[in-house]
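The structure appears below as structure tokens.
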Amino acid sequence: MSENRQNRRYPQNLQGVLQLAVDAGSAAEGPAPLEPMSEERKTWLREALSDMCKGQLDEVEQIKQCLAVLQRDETDEKDRDDDDDDDERESAFEMLSELCENLDNARDLMVVGGLDLCVSRYLSHVQSGLRWRAAQLIASCAQNMPQVQDHLLKIEVLPRLLQLTDSDPNPTVRVKALYAVSCLIREQEAGLQEFVAHDGFSVLMRGMQSENEKLRTKSAFLLLNLLTSHPEHKETVVCMGMVQQLVSVLRSPHSSFHEHVLGALCCLVEDFPQGLKECRNPTLALEELIKQRAKDLQGKEESQEELDFCDRLRVLCFSEQQSDDNGMDR
């Protein structure tokens with residue numbers, strides 16, 4: 001078995017390096033002592049690691065080439081076709097977004113000034129295709145990368161993203177901007193505090209009332225996520241009239257994102273008397289609304305989670321109230 005491992009040929013790429021490590025670990029676990037690595041395997045490992053490092057350097061060069069395209073002064077390109085130039089910039093953004101799924105590349109883009117360029121020039125670009133791609137790149141770089149998140153917050157990108165989410169005339173820009181907002185505030189306390197300070201919950205409320213289905217869904221989902229992860233903000237949300245607004249959204253034509261709206265209402269009443277009092281307000285007629293919704297959803301497997309939220313909200317808000325009423329009747 002040891003001889004077979006010694007003579008085995010591995011692909012000269014990252015997968016090959018990992019397989020070599022697995023096999024070496026397996027050999028170490030066995031009763032037989034680990035044999036010295038042959039010269040052939042040493043050579044292979046050196047070459048594979050060299051190729052991996054070269055690949056990383058190639059990606060840095062690709063980042064620089066993309067930035068060179070984005071840094072060109074538009075006023076100096078009179079001889080270039082505007083459509084061709086926009087297409088080239090859009091392609092550069094798409095390449096950067098793909099490269100920056102790798103966290104090292106996201107950090108490299110930040111270090112060479114790519115994110116500052118993205119924020120200063122392209123979030124406000126006249127072409128919507130460049131605005132939404134800039135927002136998408138910010139999201140790609142920010143997710144799960146505290147160092148990049150801190151930098152983006154320092155250059156005050158969050159208020160601009162909230163403004164795009166709230167009022168950009170292009171629906172795709174609004175959705176991508178909200179995605180970037182999400183990447184900056186989820187699991188990021190400083191980002192969340194800035195979100196609250198810039199009235200971000202109101203932006204989500206208006207997003208749920210928009211005509212853009214994707215924006216409604218993503219706004220409701222982010223609200224539910226934030227209330228679940230940060231219940232300390234329930235008071236802020238209830239005081240701004242969110243309960244009434246959420247019930248109003250539920251009265252609009254039914255949509256799949258209503259599941260998240262019901263989930264948010266459940267969060268606002270659970271262990272929070274002020275939210276419970278708001279939901280019990282007779283003028284909202286919430287009990288009748290969720291009873292009818294539950295009836296409409298019966299037998300629809302794809303709506304089971306929404307039905308569960310209906311049942312949970314009814315129990316949280318009205319089961320105890322009905323018991324009290326029955327006691328008074330007796």
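By convention in this document, the chains of the structure tokens carry letters A, B, ... by their order, each chain's residues are numbered from 1, and ligands are numbered from 1 in the order they are shown.
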
Practice prompt. For Gln209 in chain A, list every protein, DNA or RNA residue within 12 Å, evaluated using only C-alpha atoms, and leave out those in the same chain fewer than 6 positions away; present the list as a VMD selection string.
Written response: chain A and resid 166 202 to 203 215 to 220 242 245 to 253 257 to 258 261

Would you save the residues from that selection as an mmCIF file, in the first residue's frame, using N, CA and C atoms?
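Saved file out.cif follows:
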data_model
loop_
_atom_site.group_PDB
_atom_site.id
_atom_site.type_symbol
_atom_site.label_atom_id
_atom_site.label_comp_id
_atom_site.auth_asym_id
_atom_site.auth_seq_id
_atom_site.Cartn_x
_atom_site.Cartn_y
_atom_site.Cartn_z
ATOM 1 N N ASP A 166 -33.550 53.022 -2.158
ATOM 2 C CA ASP A 166 -34.795 53.737 -1.913
ATOM 3 C C ASP A 166 -35.357 54.415 -3.158
ATOM 4 N N SER A 202 -36.713 52.188 7.654
ATOM 5 C CA SER A 202 -37.715 52.841 6.808
ATOM 6 C C SER A 202 -37.497 52.502 5.336
ATOM 7 N N VAL A 203 -36.228 52.379 4.942
ATOM 8 C CA VAL A 203 -35.926 51.978 3.563
ATOM 9 C C VAL A 203 -36.478 50.582 3.296
ATOM 10 N N LEU A 215 -37.375 43.303 -4.952
ATOM 11 C CA LEU A 215 -37.055 44.232 -3.871
ATOM 12 C C LEU A 215 -37.967 43.990 -2.673
ATOM 13 N N ARG A 216 -39.253 43.729 -2.918
ATOM 14 C CA ARG A 216 -40.170 43.424 -1.811
ATOM 15 C C ARG A 216 -39.695 42.196 -1.042
ATOM 16 N N THR A 217 -39.340 41.158 -1.785
ATOM 17 C CA THR A 217 -38.924 39.906 -1.153
ATOM 18 C C THR A 217 -37.653 40.092 -0.348
ATOM 19 N N LYS A 218 -36.649 40.742 -0.935
ATOM 20 C CA LYS A 218 -35.362 40.890 -0.259
ATOM 21 C C LYS A 218 -35.463 41.847 0.927
ATOM 22 N N SER A 219 -36.320 42.866 0.813
ATOM 23 C CA SER A 219 -36.519 43.788 1.942
ATOM 24 C C SER A 219 -37.155 43.064 3.119
ATOM 25 N N ALA A 220 -38.184 42.277 2.846
ATOM 26 C CA ALA A 220 -38.870 41.540 3.917
ATOM 27 C C ALA A 220 -37.952 40.502 4.543
ATOM 28 N N MET A 242 -44.066 50.133 12.268
ATOM 29 C CA MET A 242 -43.832 49.001 11.372
ATOM 30 C C MET A 242 -44.959 47.975 11.432
ATOM 31 N N GLN A 245 -47.700 48.980 9.147
ATOM 32 C CA GLN A 245 -47.259 48.890 7.753
ATOM 33 C C GLN A 245 -47.196 47.436 7.280
ATOM 34 N N LEU A 246 -46.730 46.544 8.144
ATOM 35 C CA LEU A 246 -46.640 45.130 7.772
ATOM 36 C C LEU A 246 -48.034 44.533 7.556
ATOM 37 N N VAL A 247 -48.970 44.906 8.415
ATOM 38 C CA VAL A 247 -50.341 44.404 8.241
ATOM 39 C C VAL A 247 -50.924 44.936 6.940
ATOM 40 N N SER A 248 -50.628 46.177 6.624
ATOM 41 C CA SER A 248 -51.087 46.758 5.358
ATOM 42 C C SER A 248 -50.516 45.990 4.170
ATOM 43 N N VAL A 249 -49.244 45.596 4.262
ATOM 44 C CA VAL A 249 -48.620 44.805 3.189
ATOM 45 C C VAL A 249 -49.335 43.467 3.043
ATOM 46 N N LEU A 250 -49.705 42.858 4.173
ATOM 47 C CA LEU A 250 -50.400 41.566 4.113
ATOM 48 C C LEU A 250 -51.763 41.681 3.428
ATOM 49 N N ARG A 251 -52.337 42.866 3.433
ATOM 50 C CA ARG A 251 -53.648 43.055 2.798
ATOM 51 C C ARG A 251 -53.524 43.289 1.287
ATOM 52 N N SER A 252 -52.311 43.467 0.805
ATOM 53 C CA SER A 252 -52.117 43.599 -0.644
ATOM 54 C C SER A 252 -52.282 42.221 -1.287
ATOM 55 N N PRO A 253 -52.436 42.157 -2.621
ATOM 56 C CA PRO A 253 -52.577 40.853 -3.285
ATOM 57 C C PRO A 253 -51.502 39.874 -2.833
ATOM 58 N N PHE A 257 -43.601 36.543 -0.734
ATOM 59 C CA PHE A 257 -42.797 37.246 0.274
ATOM 60 C C PHE A 257 -43.612 37.541 1.540
ATOM 61 N N HIS A 258 -44.931 37.341 1.518
ATOM 62 C CA HIS A 258 -45.740 37.527 2.721
ATOM 63 C C HIS A 258 -45.306 36.585 3.838
ATOM 64 N N VAL A 261 -43.000 38.561 5.842
ATOM 65 C CA VAL A 261 -43.733 39.610 6.554
ATOM 66 C C VAL A 261 -44.374 39.030 7.814
#

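When the distance limit is 12 Å and only C-alpha atoms are what count, the residues near Glu189 in chain A, minus those fewer than 4 positions from it on the same chain, are Pro146, Gln149, Asp150, Leu153, Cys183, Leu184, Ile185, Gln193, Glu194, Phe195, Val196, Leu226, Ser229 and His230 of chain A.
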
Would you mind exporting N, CA, C and O atoms of the selected residues as a PDB file, in the first residue's frame?
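Listing of out-v3.pdb after writing:
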ATOM      1  N   PRO A 146     -14.477  41.206   7.119  1.00  0.00           N
ATOM      2  CA  PRO A 146     -14.540  42.358   8.025  1.00  0.00           C
ATOM      3  C   PRO A 146     -13.605  43.500   7.641  1.00  0.00           C
ATOM      4  O   PRO A 146     -13.970  44.672   7.786  1.00  0.00           O
ATOM      5  N   GLN A 149     -15.276  45.334   4.891  1.00  0.00           N
ATOM      6  CA  GLN A 149     -16.470  45.996   5.426  1.00  0.00           C
ATOM      7  C   GLN A 149     -16.081  47.276   6.158  1.00  0.00           C
ATOM      8  O   GLN A 149     -16.707  48.330   5.970  1.00  0.00           O
ATOM      9  N   ASP A 150     -15.054  47.209   6.993  1.00  0.00           N
ATOM     10  CA  ASP A 150     -14.611  48.380   7.747  1.00  0.00           C
ATOM     11  C   ASP A 150     -14.182  49.502   6.799  1.00  0.00           C
ATOM     12  O   ASP A 150     -14.511  50.672   7.019  1.00  0.00           O
ATOM     13  N   LEU A 153     -17.240  51.098   5.140  1.00  0.00           N
ATOM     14  CA  LEU A 153     -17.973  51.958   6.069  1.00  0.00           C
ATOM     15  C   LEU A 153     -17.239  53.276   6.288  1.00  0.00           C
ATOM     16  O   LEU A 153     -17.865  54.334   6.400  1.00  0.00           O
ATOM     17  N   CYS A 183     -24.832  42.791   2.839  1.00  0.00           N
ATOM     18  CA  CYS A 183     -23.479  42.272   3.065  1.00  0.00           C
ATOM     19  C   CYS A 183     -22.677  43.144   4.018  1.00  0.00           C
ATOM     20  O   CYS A 183     -21.700  42.685   4.619  1.00  0.00           O
ATOM     21  N   LEU A 184     -23.079  44.397   4.178  1.00  0.00           N
ATOM     22  CA  LEU A 184     -22.364  45.320   5.059  1.00  0.00           C
ATOM     23  C   LEU A 184     -22.892  45.330   6.495  1.00  0.00           C
ATOM     24  O   LEU A 184     -22.203  45.801   7.395  1.00  0.00           O
ATOM     25  N   ILE A 185     -24.101  44.829   6.716  1.00  0.00           N
ATOM     26  CA  ILE A 185     -24.698  44.981   8.052  1.00  0.00           C
ATOM     27  C   ILE A 185     -24.981  43.655   8.758  1.00  0.00           C
ATOM     28  O   ILE A 185     -25.104  43.643   9.981  1.00  0.00           O
ATOM     29  N   GLN A 193     -25.286  49.522  13.167  1.00  0.00           N
ATOM     30  CA  GLN A 193     -25.539  50.783  13.871  1.00  0.00           C
ATOM     31  C   GLN A 193     -25.660  51.940  12.877  1.00  0.00           C
ATOM     32  O   GLN A 193     -26.514  52.822  13.035  1.00  0.00           O
ATOM     33  N   GLU A 194     -24.833  51.940  11.850  1.00  0.00           N
ATOM     34  CA  GLU A 194     -24.926  52.986  10.842  1.00  0.00           C
ATOM     35  C   GLU A 194     -26.216  52.856  10.041  1.00  0.00           C
ATOM     36  O   GLU A 194     -26.851  53.855   9.686  1.00  0.00           O
ATOM     37  N   PHE A 195     -26.624  51.628   9.775  1.00  0.00           N
ATOM     38  CA  PHE A 195     -27.891  51.365   9.085  1.00  0.00           C
ATOM     39  C   PHE A 195     -29.056  51.960   9.875  1.00  0.00           C
ATOM     40  O   PHE A 195     -29.921  52.644   9.314  1.00  0.00           O
ATOM     41  N   VAL A 196     -29.068  51.741  11.172  1.00  0.00           N
ATOM     42  CA  VAL A 196     -30.135  52.273  12.021  1.00  0.00           C
ATOM     43  C   VAL A 196     -30.077  53.805  12.058  1.00  0.00           C
ATOM     44  O   VAL A 196     -31.108  54.488  11.960  1.00  0.00           O
ATOM     45  N   LEU A 226     -32.842  40.562  10.459  1.00  0.00           N
ATOM     46  CA  LEU A 226     -32.323  41.522  11.447  1.00  0.00           C
ATOM     47  C   LEU A 226     -33.078  41.438  12.763  1.00  0.00           C
ATOM     48  O   LEU A 226     -32.477  41.509  13.843  1.00  0.00           O
ATOM     49  N   SER A 229     -31.939  38.224  14.539  1.00  0.00           N
ATOM     50  CA  SER A 229     -30.568  38.267  15.053  1.00  0.00           C
ATOM     51  C   SER A 229     -30.344  39.387  16.061  1.00  0.00           C
ATOM     52  O   SER A 229     -29.453  39.300  16.900  1.00  0.00           O
ATOM     53  N   HIS A 230     -31.149  40.461  15.970  1.00  0.00           N
ATOM     54  CA  HIS A 230     -30.937  41.636  16.816  1.00  0.00           C
ATOM     55  C   HIS A 230     -32.272  42.103  17.413  1.00  0.00           C
ATOM     56  O   HIS A 230     -32.795  43.161  17.048  1.00  0.00           O
TER      57      HIS A 230
END

Fill in: Å distance separating CA of Gln188 in chain A from CA of Leu115 in chain A, one decimal place
18.6 Å

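Between CA of Gln292 in chain A and CA of His254 in chain A lies a distance of 11.9 Å.
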
Practice prompt. With a distance cut-off of 8 Å and only C-alpha atoms, select the neighbouring residues of Leu284 in chain A, excluding the residue or stretch itself and same-chain residues fewer than 4 positions from it, and output the selection as a ChimeraX atom specification.
Written response: /A:244,247,279-280

Discussion item. Using only C-alpha atoms, which protein or nucleic acid residues come within 12 Å of Glu305 in chain A? Drop anything in the same chain fewer than 2 positions from it, and give the result as a PyMOL selection string.
Written reply: chain A and resi 256-263+294+297-298+300-303+307-312

Discussion item. I'd like to know which residues of range 41-275 of chain A are alpha helix (DSSP H) (by DSSP, run on the backbone); could you write them as a ChimeraX atom specification?
Written reply: /A:41-71,82-99,103-111,114-117,128-142,146-154,157-167,171-185,189-197,200-208,213-229,234-239,242-250,258-269,273-275

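Between CA of Ser128 in chain A and CA of Val173 in chain A the interatomic distance comes to 6.7 Å.
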
Using only C-alpha atoms, determine which residues lie at most 10 Å from range 103-106 of chain A, disregarding the query and same-chain residues fewer than 6 positions distant; provide the list as a short mmCIF file (atom, residue, chain, number, x, y, z; two decimals) with all heavy atoms, in the first residue's frame.
data_model
loop_
_atom_site.label_atom_id
_atom_site.label_comp_id
_atom_site.auth_asym_id
_atom_site.auth_seq_id
_atom_site.Cartn_x
_atom_site.Cartn_y
_atom_site.Cartn_z
N GLN A 56 -2.31 32.89 -8.58
CA GLN A 56 -2.73 34.03 -7.76
C GLN A 56 -2.17 35.33 -8.33
O GLN A 56 -2.85 36.35 -8.38
CB GLN A 56 -2.25 33.82 -6.32
CG GLN A 56 -2.72 34.91 -5.36
CD GLN A 56 -4.25 34.93 -5.22
OE1 GLN A 56 -4.89 33.89 -5.31
NE2 GLN A 56 -4.81 36.11 -5.02
N GLU A 59 -4.18 36.44 -11.24
CA GLU A 59 -5.45 37.06 -10.86
C GLU A 59 -5.23 38.51 -10.44
O GLU A 59 -6.07 39.37 -10.73
CB GLU A 59 -6.11 36.25 -9.74
CG GLU A 59 -6.63 34.90 -10.23
CD GLU A 59 -7.46 34.17 -9.19
OE1 GLU A 59 -7.47 34.61 -8.02
OE2 GLU A 59 -8.12 33.18 -9.55
N VAL A 60 -4.13 38.79 -9.76
CA VAL A 60 -3.83 40.18 -9.40
C VAL A 60 -3.65 41.01 -10.67
O VAL A 60 -4.12 42.15 -10.75
CB VAL A 60 -2.57 40.25 -8.52
CG1 VAL A 60 -2.14 41.70 -8.31
CG2 VAL A 60 -2.82 39.56 -7.18
N ILE A 63 -6.98 41.80 -12.10
CA ILE A 63 -7.61 42.88 -11.34
C ILE A 63 -7.09 44.23 -11.82
O ILE A 63 -7.86 45.18 -12.07
CB ILE A 63 -7.36 42.70 -9.82
CG1 ILE A 63 -8.16 41.51 -9.29
CG2 ILE A 63 -7.72 43.97 -9.05
CD1 ILE A 63 -7.85 41.14 -7.85
N LEU A 96 -14.30 41.38 -12.25
CA LEU A 96 -13.90 41.69 -10.87
C LEU A 96 -14.81 41.02 -9.85
O LEU A 96 -14.34 40.52 -8.82
CB LEU A 96 -13.90 43.21 -10.67
CG LEU A 96 -12.75 43.99 -11.32
CD1 LEU A 96 -12.98 45.48 -11.18
CD2 LEU A 96 -11.41 43.61 -10.72
N SER A 97 -16.12 41.03 -10.12
CA SER A 97 -17.05 40.39 -9.18
C SER A 97 -16.75 38.90 -9.05
O SER A 97 -16.81 38.34 -7.94
CB SER A 97 -18.50 40.60 -9.64
OG SER A 97 -18.89 41.94 -9.48
N GLY A 114 -9.41 49.97 -5.81
CA GLY A 114 -10.54 49.64 -6.68
C GLY A 114 -11.90 49.94 -6.08
O GLY A 114 -12.82 50.40 -6.77
N LEU A 115 -12.04 49.71 -4.78
CA LEU A 115 -13.34 49.96 -4.15
C LEU A 115 -13.63 51.45 -4.05
O LEU A 115 -14.78 51.88 -4.22
CB LEU A 115 -13.37 49.31 -2.76
CG LEU A 115 -13.43 47.78 -2.76
CD1 LEU A 115 -13.34 47.25 -1.34
CD2 LEU A 115 -14.68 47.28 -3.44
N LEU A 137 -20.37 44.44 -7.16
CA LEU A 137 -18.97 44.25 -6.80
C LEU A 137 -18.74 44.56 -5.33
O LEU A 137 -18.02 43.83 -4.63
CB LEU A 137 -18.08 45.13 -7.69
CG LEU A 137 -16.58 45.08 -7.38
CD1 LEU A 137 -16.04 43.65 -7.50
CD2 LEU A 137 -15.81 46.02 -8.30
N ILE A 138 -19.35 45.62 -4.84
CA ILE A 138 -19.23 45.96 -3.42
C ILE A 138 -19.75 44.81 -2.56
O ILE A 138 -19.13 44.43 -1.56
CB ILE A 138 -19.99 47.27 -3.12
CG1 ILE A 138 -19.26 48.45 -3.75
CG2 ILE A 138 -20.15 47.47 -1.62
CD1 ILE A 138 -20.04 49.75 -3.72
N SER A 140 -19.93 41.61 -3.40
CA SER A 140 -19.02 40.46 -3.52
C SER A 140 -17.81 40.62 -2.61
O SER A 140 -17.35 39.65 -1.99
CB SER A 140 -18.55 40.30 -4.98
OG SER A 140 -19.62 40.00 -5.84
N CYS A 141 -17.29 41.84 -2.52
CA CYS A 141 -16.10 42.09 -1.71
C CYS A 141 -16.42 42.12 -0.21
O CYS A 141 -15.60 41.72 0.62
CB CYS A 141 -15.45 43.40 -2.12
SG CYS A 141 -14.74 43.39 -3.79
N ALA A 142 -17.60 42.62 0.14
CA ALA A 142 -17.92 42.86 1.55
C ALA A 142 -18.33 41.60 2.30
O ALA A 142 -18.10 41.50 3.51
CB ALA A 142 -19.04 43.90 1.66
N GLN A 143 -18.95 40.64 1.61
CA GLN A 143 -19.51 39.51 2.34
C GLN A 143 -18.39 38.68 3.00
O GLN A 143 -17.41 38.33 2.38
CB GLN A 143 -20.35 38.64 1.41
CG GLN A 143 -19.65 38.09 0.19
CD GLN A 143 -20.60 37.31 -0.69
OE1 GLN A 143 -21.66 36.87 -0.26
NE2 GLN A 143 -20.21 37.12 -1.94
N ASN A 144 -18.55 38.46 4.30
CA ASN A 144 -17.64 37.63 5.09
C ASN A 144 -16.21 38.18 5.12
O ASN A 144 -15.26 37.42 5.26
CB ASN A 144 -17.62 36.19 4.55
CG ASN A 144 -18.99 35.58 4.48
OD1 ASN A 144 -19.78 35.74 5.40
ND2 ASN A 144 -19.30 34.90 3.39
N MET A 145 -16.03 39.49 4.98
CA MET A 145 -14.69 40.07 4.93
C MET A 145 -14.67 41.33 5.80
O MET A 145 -14.86 42.44 5.30
CB MET A 145 -14.33 40.40 3.48
CG MET A 145 -12.87 40.71 3.26
SD MET A 145 -11.85 39.27 3.60
CE MET A 145 -10.24 39.92 3.18
N GLN A 147 -12.41 43.19 7.16
CA GLN A 147 -11.47 44.24 6.79
C GLN A 147 -12.02 45.11 5.67
O GLN A 147 -11.93 46.34 5.70
CB GLN A 147 -10.14 43.61 6.36
CG GLN A 147 -9.04 44.62 6.05
CD GLN A 147 -7.75 43.95 5.62
OE1 GLN A 147 -7.64 42.73 5.57
NE2 GLN A 147 -6.75 44.77 5.31
N VAL A 148 -12.63 44.48 4.68
CA VAL A 148 -13.23 45.21 3.57
C VAL A 148 -14.47 45.96 4.05
O VAL A 148 -14.71 47.11 3.65
CB VAL A 148 -13.57 44.25 2.41
CG1 VAL A 148 -14.34 44.99 1.32
CG2 VAL A 148 -12.30 43.65 1.83
#

Discussion item. Which residues are near Leu123 in chain A? Cut-off 7 Å, only C-alpha atoms, ignore same chain within fewer than 6 positions. Put them as a list in words.
Written reply: Arg131, Ala134 and Ala135 of chain A
